[in-house]
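S.K.: Below is the file entry-v2.cif, with mmCIF, C-alpha atoms.
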data_start
#
loop_
_atom_site.group_PDB
_atom_site.id
_atom_site.type_symbol
_atom_site.label_atom_id
_atom_site.label_comp_id
_atom_site.auth_asym_id
_atom_site.auth_seq_id
_atom_site.Cartn_x
_atom_site.Cartn_y
_atom_site.Cartn_z
ATOM 1 C CA MET K 218 -17.019 -15.032 -0.428
ATOM 2 C CA GLU K 219 -14.632 -13.604 -2.997
ATOM 3 C CA PRO K 220 -12.251 -10.910 -1.773
ATOM 4 C CA LEU K 221 -12.743 -7.383 -3.081
ATOM 5 C CA LEU K 222 -9.595 -6.682 -5.097
ATOM 6 C CA HIS K 223 -8.261 -3.432 -6.520
ATOM 7 C CA HIS K 224 -5.447 -2.207 -8.686
ATOM 8 C CA PHE K 225 -4.422 1.450 -8.316
ATOM 9 C CA SER K 226 -2.928 3.483 -11.145
ATOM 10 C CA GLU K 227 -2.265 7.032 -12.248
ATOM 11 C CA GLU K 228 -3.546 5.909 -15.669
ATOM 12 C CA SER K 229 -7.251 6.481 -16.235
ATOM 13 C CA ALA K 230 -8.147 4.202 -19.113
ATOM 14 C CA ILE K 231 -6.685 0.734 -18.686
ATOM 15 C CA SER K 232 -9.096 -1.628 -20.431
ATOM 16 C CA ARG K 233 -7.047 -4.795 -19.873
ATOM 17 C CA PHE K 234 -4.304 -5.685 -17.435
ATOM 18 C CA VAL K 235 -1.730 -7.910 -19.104
ATOM 19 C CA PRO K 236 0.672 -9.951 -16.940
ATOM 20 C CA ARG K 237 4.044 -8.250 -16.534
ATOM 21 C CA PRO K 238 7.376 -9.672 -15.393
ATOM 22 C CA ARG K 239 7.926 -9.466 -11.653
ATOM 23 C CA PRO K 240 10.813 -7.096 -10.883
ATOM 24 C CA GLY K 241 13.850 -9.038 -9.723
ATOM 25 C CA ARG K 242 12.007 -12.378 -9.880
ATOM 26 C CA ASP K 243 12.771 -13.960 -13.231
ATOM 27 C CA ASP K 244 12.045 -17.342 -11.635
ATOM 28 C CA LEU K 245 8.325 -16.508 -11.288
ATOM 29 C CA PRO K 246 5.747 -16.119 -14.056
ATOM 30 C CA ALA K 247 4.562 -12.697 -15.191
ATOM 31 C CA ALA K 248 1.560 -11.465 -13.235
ATOM 32 C CA VAL K 249 -1.215 -8.941 -12.860
ATOM 33 C CA TRP K 250 -1.188 -7.527 -9.330
ATOM 34 C CA ALA K 251 -4.116 -6.597 -7.103
ATOM 35 C CA VAL K 252 -4.520 -5.777 -3.432
ATOM 36 C CA ASP K 253 -7.352 -6.650 -1.069
ATOM 37 C CA GLU K 254 -9.666 -4.054 0.476
ATOM 38 C CA GLU K 255 -7.987 -4.198 3.899
ATOM 39 C CA HIS K 256 -4.614 -3.163 2.456
ATOM 40 C CA SER K 257 -5.861 -0.790 -0.261
ATOM 41 C CA VAL K 258 -4.990 2.354 1.717
ATOM 42 C CA ASN K 259 -1.325 1.382 1.337
ATOM 43 C CA TYR K 260 -1.724 2.348 -2.343
ATOM 44 C CA PHE K 261 -3.568 5.692 -2.001
ATOM 45 C CA PHE K 262 -0.311 7.389 -3.064
ATOM 46 C CA PRO K 263 1.495 8.282 -6.287
ATOM 47 C CA ARG K 264 3.241 5.115 -7.472
ATOM 48 C CA GLU K 265 6.798 6.270 -6.768
ATOM 49 C CA CYS K 266 6.059 7.724 -3.315
ATOM 50 C CA PRO K 267 8.214 6.020 -0.674
ATOM 51 C CA ARG K 268 6.225 5.014 2.387
ATOM 52 C CA ILE K 269 6.216 2.852 5.459
ATOM 53 C CA ILE K 270 3.032 1.280 6.739
ATOM 54 C CA TYR K 271 2.717 -0.599 9.988
ATOM 55 C CA ASN K 272 -0.108 -2.057 12.019
ATOM 56 C CA ARG K 273 -0.806 -2.463 15.684
ATOM 57 C CA GLN K 274 -0.198 -6.061 16.712
ATOM 58 C CA PRO K 275 -0.447 -8.113 19.876
ATOM 59 C CA GLY K 276 2.744 -8.716 21.805
ATOM 60 C CA LEU K 277 4.433 -5.330 21.432
ATOM 61 C CA ASP K 278 6.005 -4.307 24.706
ATOM 62 C CA GLY K 279 5.068 -0.961 26.229
ATOM 63 C CA ARG K 280 8.238 0.780 25.038
ATOM 64 C CA GLU K 281 7.708 -0.296 21.416
ATOM 65 C CA GLU K 282 4.014 0.590 21.588
ATOM 66 C CA ARG K 283 4.890 4.131 22.760
ATOM 67 C CA LEU K 284 7.694 4.494 20.200
ATOM 68 C CA LEU K 285 5.647 3.361 17.207
ATOM 69 C CA PHE K 286 2.120 4.483 18.072
ATOM 70 C CA GLY K 287 2.517 7.201 20.720
ATOM 71 C CA MET K 288 -0.893 8.617 21.578
ATOM 72 C CA SER K 289 -2.489 7.391 18.350
ATOM 73 C CA GLY K 290 -5.688 5.401 18.486
ATOM 74 C CA ALA K 291 -5.190 4.257 14.888
ATOM 75 C CA SER K 292 -4.414 0.626 14.199
ATOM 76 C CA ARG K 293 -2.485 1.539 11.011
ATOM 77 C CA ILE K 294 0.221 4.203 10.703
ATOM 78 C CA ILE K 295 1.501 5.418 7.323
ATOM 79 C CA LEU K 296 4.673 7.505 7.098
ATOM 80 C CA VAL K 297 5.686 9.569 4.072
ATOM 81 C CA GLU K 298 8.446 12.086 3.523
ATOM 82 C CA SER K 299 7.465 15.749 3.693
ATOM 83 C CA ARG K 300 8.844 16.396 0.206
ATOM 84 C CA TRP K 301 6.032 14.150 -1.131
ATOM 85 C CA LEU K 302 3.123 15.894 0.591
ATOM 86 C CA GLU K 303 2.328 18.332 -2.233
ATOM 87 C CA ARG K 304 2.524 15.544 -4.812
ATOM 88 C CA ILE K 305 0.104 13.449 -2.771
ATOM 89 C CA ARG K 306 -2.220 16.438 -2.396
ATOM 90 C CA ALA K 307 -2.144 17.187 -6.143
ATOM 91 C CA ALA K 308 -2.386 13.593 -7.386
ATOM 92 C CA ALA K 309 -5.441 11.704 -8.518
ATOM 93 C CA LEU K 310 -5.499 7.934 -8.763
ATOM 94 C CA TYR K 311 -7.772 5.463 -10.462
ATOM 95 C CA ARG K 312 -9.086 2.524 -8.461
ATOM 96 C CA TYR K 313 -9.795 -0.456 -10.679
ATOM 97 C CA GLU K 314 -12.044 -3.142 -9.229
ATOM 98 C CA MET K 315 -10.719 -6.509 -10.332
ATOM 99 C CA PRO K 316 -12.675 -9.756 -10.695
ATOM 100 C CA ALA K 317 -11.239 -12.163 -8.134
ATOM 101 C CA ASP K 318 -11.812 -15.413 -10.025
ATOM 102 C CA THR K 319 -8.334 -15.721 -11.614
ATOM 103 C CA PHE K 320 -6.347 -14.262 -8.702
ATOM 104 C CA GLN K 321 -4.404 -16.236 -6.117
ATOM 105 C CA MET K 322 -3.129 -14.986 -2.764
ATOM 106 C CA GLU K 323 0.544 -14.023 -3.078
ATOM 107 C CA ASP K 324 1.236 -12.450 0.323
ATOM 108 C CA ASP K 325 -1.420 -12.524 3.040
ATOM 109 C CA SER K 326 0.362 -10.026 5.299
ATOM 110 C CA ALA K 327 0.422 -7.418 2.495
ATOM 111 C CA GLY K 328 -2.901 -8.360 0.879
ATOM 112 C CA TYR K 329 -1.241 -9.068 -2.491
ATOM 113 C CA TYR K 330 -2.980 -11.197 -5.091
ATOM 114 C CA VAL K 331 -1.650 -12.191 -8.512
ATOM 115 C CA SER K 332 -3.144 -13.536 -11.709
ATOM 116 C CA ASP K 333 -1.190 -15.069 -14.558
ATOM 117 C CA GLU K 334 -4.035 -14.239 -16.963
ATOM 118 C CA THR K 335 -5.031 -11.015 -18.692
ATOM 119 C CA VAL K 336 -7.672 -9.311 -16.538
ATOM 120 C CA VAL K 337 -10.475 -6.977 -17.598
ATOM 121 C CA PRO K 338 -11.432 -4.695 -14.695
ATOM 122 C CA ARG K 339 -15.061 -4.627 -13.542
ATOM 123 C CA SER K 340 -15.048 -0.877 -12.982
ATOM 124 C CA VAL K 341 -12.833 2.135 -12.403
ATOM 125 C CA ASP K 342 -13.353 5.188 -10.263
ATOM 126 C CA ARG K 343 -11.320 8.359 -9.913
ATOM 127 C CA MET K 344 -9.829 9.237 -6.529
ATOM 128 C CA PRO K 345 -9.199 13.013 -6.645
ATOM 129 C CA ASP K 346 -8.650 13.515 -2.886
ATOM 130 C CA LEU K 347 -6.033 11.042 -1.694
ATOM 131 C CA LEU K 348 -5.509 12.718 1.686
ATOM 132 C CA GLY K 349 -9.258 12.567 2.312
ATOM 133 C CA GLU K 350 -9.366 8.898 1.287
ATOM 134 C CA ILE K 351 -6.507 8.108 3.670
ATOM 135 C CA ALA K 352 -8.260 9.937 6.515
ATOM 136 C CA ARG K 353 -11.564 8.141 5.824
ATOM 137 C CA SER K 354 -9.771 4.775 5.914
ATOM 138 C CA GLY K 355 -8.968 5.248 9.600
ATOM 139 C CA ALA K 356 -5.206 5.102 9.049
ATOM 140 C CA GLU K 357 -3.034 7.812 10.570
ATOM 141 C CA LEU K 358 -0.794 9.615 8.084
ATOM 142 C CA ARG K 359 2.477 10.933 9.473
ATOM 143 C CA VAL K 360 4.652 13.314 7.481
ATOM 144 C CA THR K 361 8.350 13.307 8.337
ATOM 145 C CA PRO K 362 11.528 14.784 6.807
ATOM 146 C CA SER K 363 13.091 11.311 6.424
ATOM 147 C CA LEU K 364 11.868 7.721 6.500
ATOM 148 C CA PHE K 365 15.266 6.316 7.474
ATOM 149 C CA PRO K 366 14.917 6.671 11.287
ATOM 150 C CA ALA K 367 11.470 5.039 11.213
ATOM 151 C CA ARG K 368 12.681 2.201 9.013
ATOM 152 C CA ASP K 369 15.621 1.555 11.328
ATOM 153 C CA ALA K 370 13.389 1.596 14.429
ATOM 154 C CA ILE K 371 10.892 -0.794 12.842
ATOM 155 C CA MET K 372 13.600 -3.186 11.680
ATOM 156 C CA GLN K 373 15.023 -3.312 15.227
ATOM 157 C CA SER K 374 11.602 -3.804 16.840
ATOM 158 C CA SER K 375 9.505 -6.932 17.285
ATOM 159 C CA LEU K 376 6.922 -5.472 14.864
ATOM 160 C CA ARG K 377 6.188 -7.905 12.034
ATOM 161 C CA GLN K 378 3.110 -6.396 10.376
ATOM 162 C CA PHE K 379 4.631 -3.696 8.192
ATOM 163 C CA SER K 380 5.294 -2.771 4.569
ATOM 164 C CA ILE K 381 8.077 -0.637 3.174
ATOM 165 C CA ILE K 382 7.170 0.510 -0.330
ATOM 166 C CA ARG K 383 9.393 2.292 -2.896
ATOM 167 C CA PHE K 384 12.063 2.905 -0.278
ATOM 168 C CA HIS K 385 14.677 3.325 -3.015
ATOM 169 C CA ASN K 386 13.049 6.749 -3.580
ATOM 170 C CA ALA K 387 13.524 7.841 0.051
ATOM 171 C CA ARG K 388 16.067 10.508 0.955
#
Show me the file's structure as structure tokens.
M.R.:
Amino acid sequence: MEPLLHHFSEESAISRFVPRPRPGRDDLPAAVWAVDEEHSVNYFFPRECPRIIYNRQPGLDGREERLLFGMSGASRIILVESRWLERIRAAALYRYEMPADTFQMEDDSAGYYVSDETVVPRSVDRMPDLLGEIARSGAELRVTPSLFPARDAIMQSSLRQFSIIRFHNAR
């Protein structure tokens, strides 16, 4: 069964996705990026929004479990800075469904797929309520003044199932 792949954008009318150079990776061919359904919630944010996403995993000791998940029953936690909350609330995204036939898995832990061919999306739908979409996904959204303490705690933990996205925009 083909994976369900999406590309998320703030642009509403992309008729073709043309491969683009990979930032900082001149040694790799240009690519069109997509993400699988399981990891799509990681992209329910304005593009430049810094965020940390981590997942419950076997083998965490009790101290790390309490530190990272507390009383949460969610298996995925997403942290954003409080200064981004209004932008998330006001933003709308467009979810492009991508045909999977030319895509190859790039990073299984992040759900990234790439294609070196131009891709015509199958469909596009508008996502006007990003906070609602995040809530419906089952992920827990945490809003914090700074991502730095969380990043440092995660990097010092045994947690290995995490993503840190657009951290250069964190304060």
S.K.: Quick check on the file I pasted: which residues fall under the PyMOL selection byres ((chain K and resi 238) around 6)? Write them as a list of chain:residue names.
M.R.: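 Evaluating the PyMOL selection byres ((chain K and resi 238) around 6) on this file yields K:Arg237, K:Arg239, K:Ala247.
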S.K.: If you keep C-alpha atoms, can you produce a file of those selected residues as a short mmCIF file (atom, residue, chain, number, x, y, z; two decimals), keeping the file's coordinate frame?
M.R.:
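Generated file (out-v7.cif):
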data_model
loop_
_atom_site.label_atom_id
_atom_site.label_comp_id
_atom_site.auth_asym_id
_atom_site.auth_seq_id
_atom_site.Cartn_x
_atom_site.Cartn_y
_atom_site.Cartn_z
CA ARG K 237 4.04 -8.25 -16.53
CA ARG K 239 7.93 -9.47 -11.65
CA ALA K 247 4.56 -12.70 -15.19
#
S.K.: I'd like the contact shell of Pro236 in chain K - 12 Å cut-off, only C-alpha atoms, skipping same-chain residues fewer than 4 positions apart - returned as a PyMOL selection string.
M.R.: chain K and resi 245-251+319-320+331-337
S.K.: Would you mind telling me which residue in K:Gly241, K:Gly279, K:Pro267, K:Pro338 lies nearest to Tyr311 in chain K when using all atoms listed in the file?
M.R.: K:Pro338
S.K.: Is it possible to get the residues within 7 Å of (-0.4, 5.6, -6.1) (coordinates as in the file, counting only C-alpha atoms) written as a list in words?
M.R.: Phe225, Ser226, Glu227, Tyr260, Phe261, Phe262, Pro263, Arg264 and Leu310 of chain K
S.K.: Name the residues that the PyMOL selection byres ((chain K and resi 315) around 8) pulls out of this structure, and write them as a ChimeraX atom specification.
M.R.: /K:221-224,251,313-314,316-317,336-340
S.K.: Would you translate the PyMOL selection byres ((chain K and resi 269) around 7) into the concrete set of residues it matches in this file, as a PyMOL selection string?
M.R.: chain K and resi 268+270-271+295-297+380-382
S.K.: Would you please work out which residue, of K:Val258, K:Leu277, K:Leu285, K:Ala327, is nearest to Ala352 in chain K when using all atoms listed in the file?
M.R.: K:Val258
S.K.: What's the 12 Å shell around Ile351 in chain K, counting only C-alpha atoms, without same-chain residues fewer than 3 positions away, as a list in words?
M.R.: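 Contacts, with the query itself left out: His256, Ser257, Val258, Asn259, Tyr260, Phe261, Phe262, Ala291, Arg293, Ile294, Ile295, Leu296, Ile305, Arg306, Met344, Pro345, Asp346, Leu347, Leu348, Ser354, Gly355, Ala356, Glu357, Leu358 and Arg359 of chain K.
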S.K.: For a quick check of understanding, using all atoms listed in the file, which of K:Leu364, K:Met322, K:Leu376, K:Ala370 has the smallest distance to Asp253 in chain K?
M.R.: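 Closest to Asp253 in chain K, using all atoms listed in the file: K:Met322.
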S.K.: With all atoms listed in the file as the atoms that count, which of K:Met288, K:Ala230, K:Val252, K:Cys266 lies nearest to Tyr329 in chain K?
M.R.: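 Of K:Met288, K:Ala230, K:Val252, K:Cys266, the one nearest Tyr329 in chain K is K:Val252, counting all atoms listed in the file.
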S.K.: Would you mind reading off the distance between CA of Ser292 in chain K and CA of Gln274 in chain K, one decimal, in Å?
M.R.: 8.3 Å
S.K.: Using all atoms listed in the file, find the one residue out of K:Val360, K:Glu219, K:Asp342, K:Ser375 that sits nearest to Arg273 in chain K.
M.R.: K:Ser375
S.K.: As an exercise, work out the distance from CA of Ser374 in chain K to CA of Arg242 in chain K in Å and give it to one decimal place.
M.R.: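 About the pair CA of Ser374 in chain K and CA of Arg242 in chain K: they are 28.1 Å apart.
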S.K.: Give the answer as one residue: which of K:Ser326, K:Gln378, K:Ser299, K:Gln321 has the shortest atom-to-atom distance to Pro362 in chain K, using only C-alpha atoms?
M.R.: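 Nearest to Pro362 in chain K: K:Ser299.
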S.K.: So the first atom is CA of Arg300 in chain K and the second is CA of Ile231 in chain K; what is the distance between them in Å, to one decimal place?
M.R.: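 Going from CA of Arg300 in chain K over to CA of Ile231 in chain K covers 29.0 Å.
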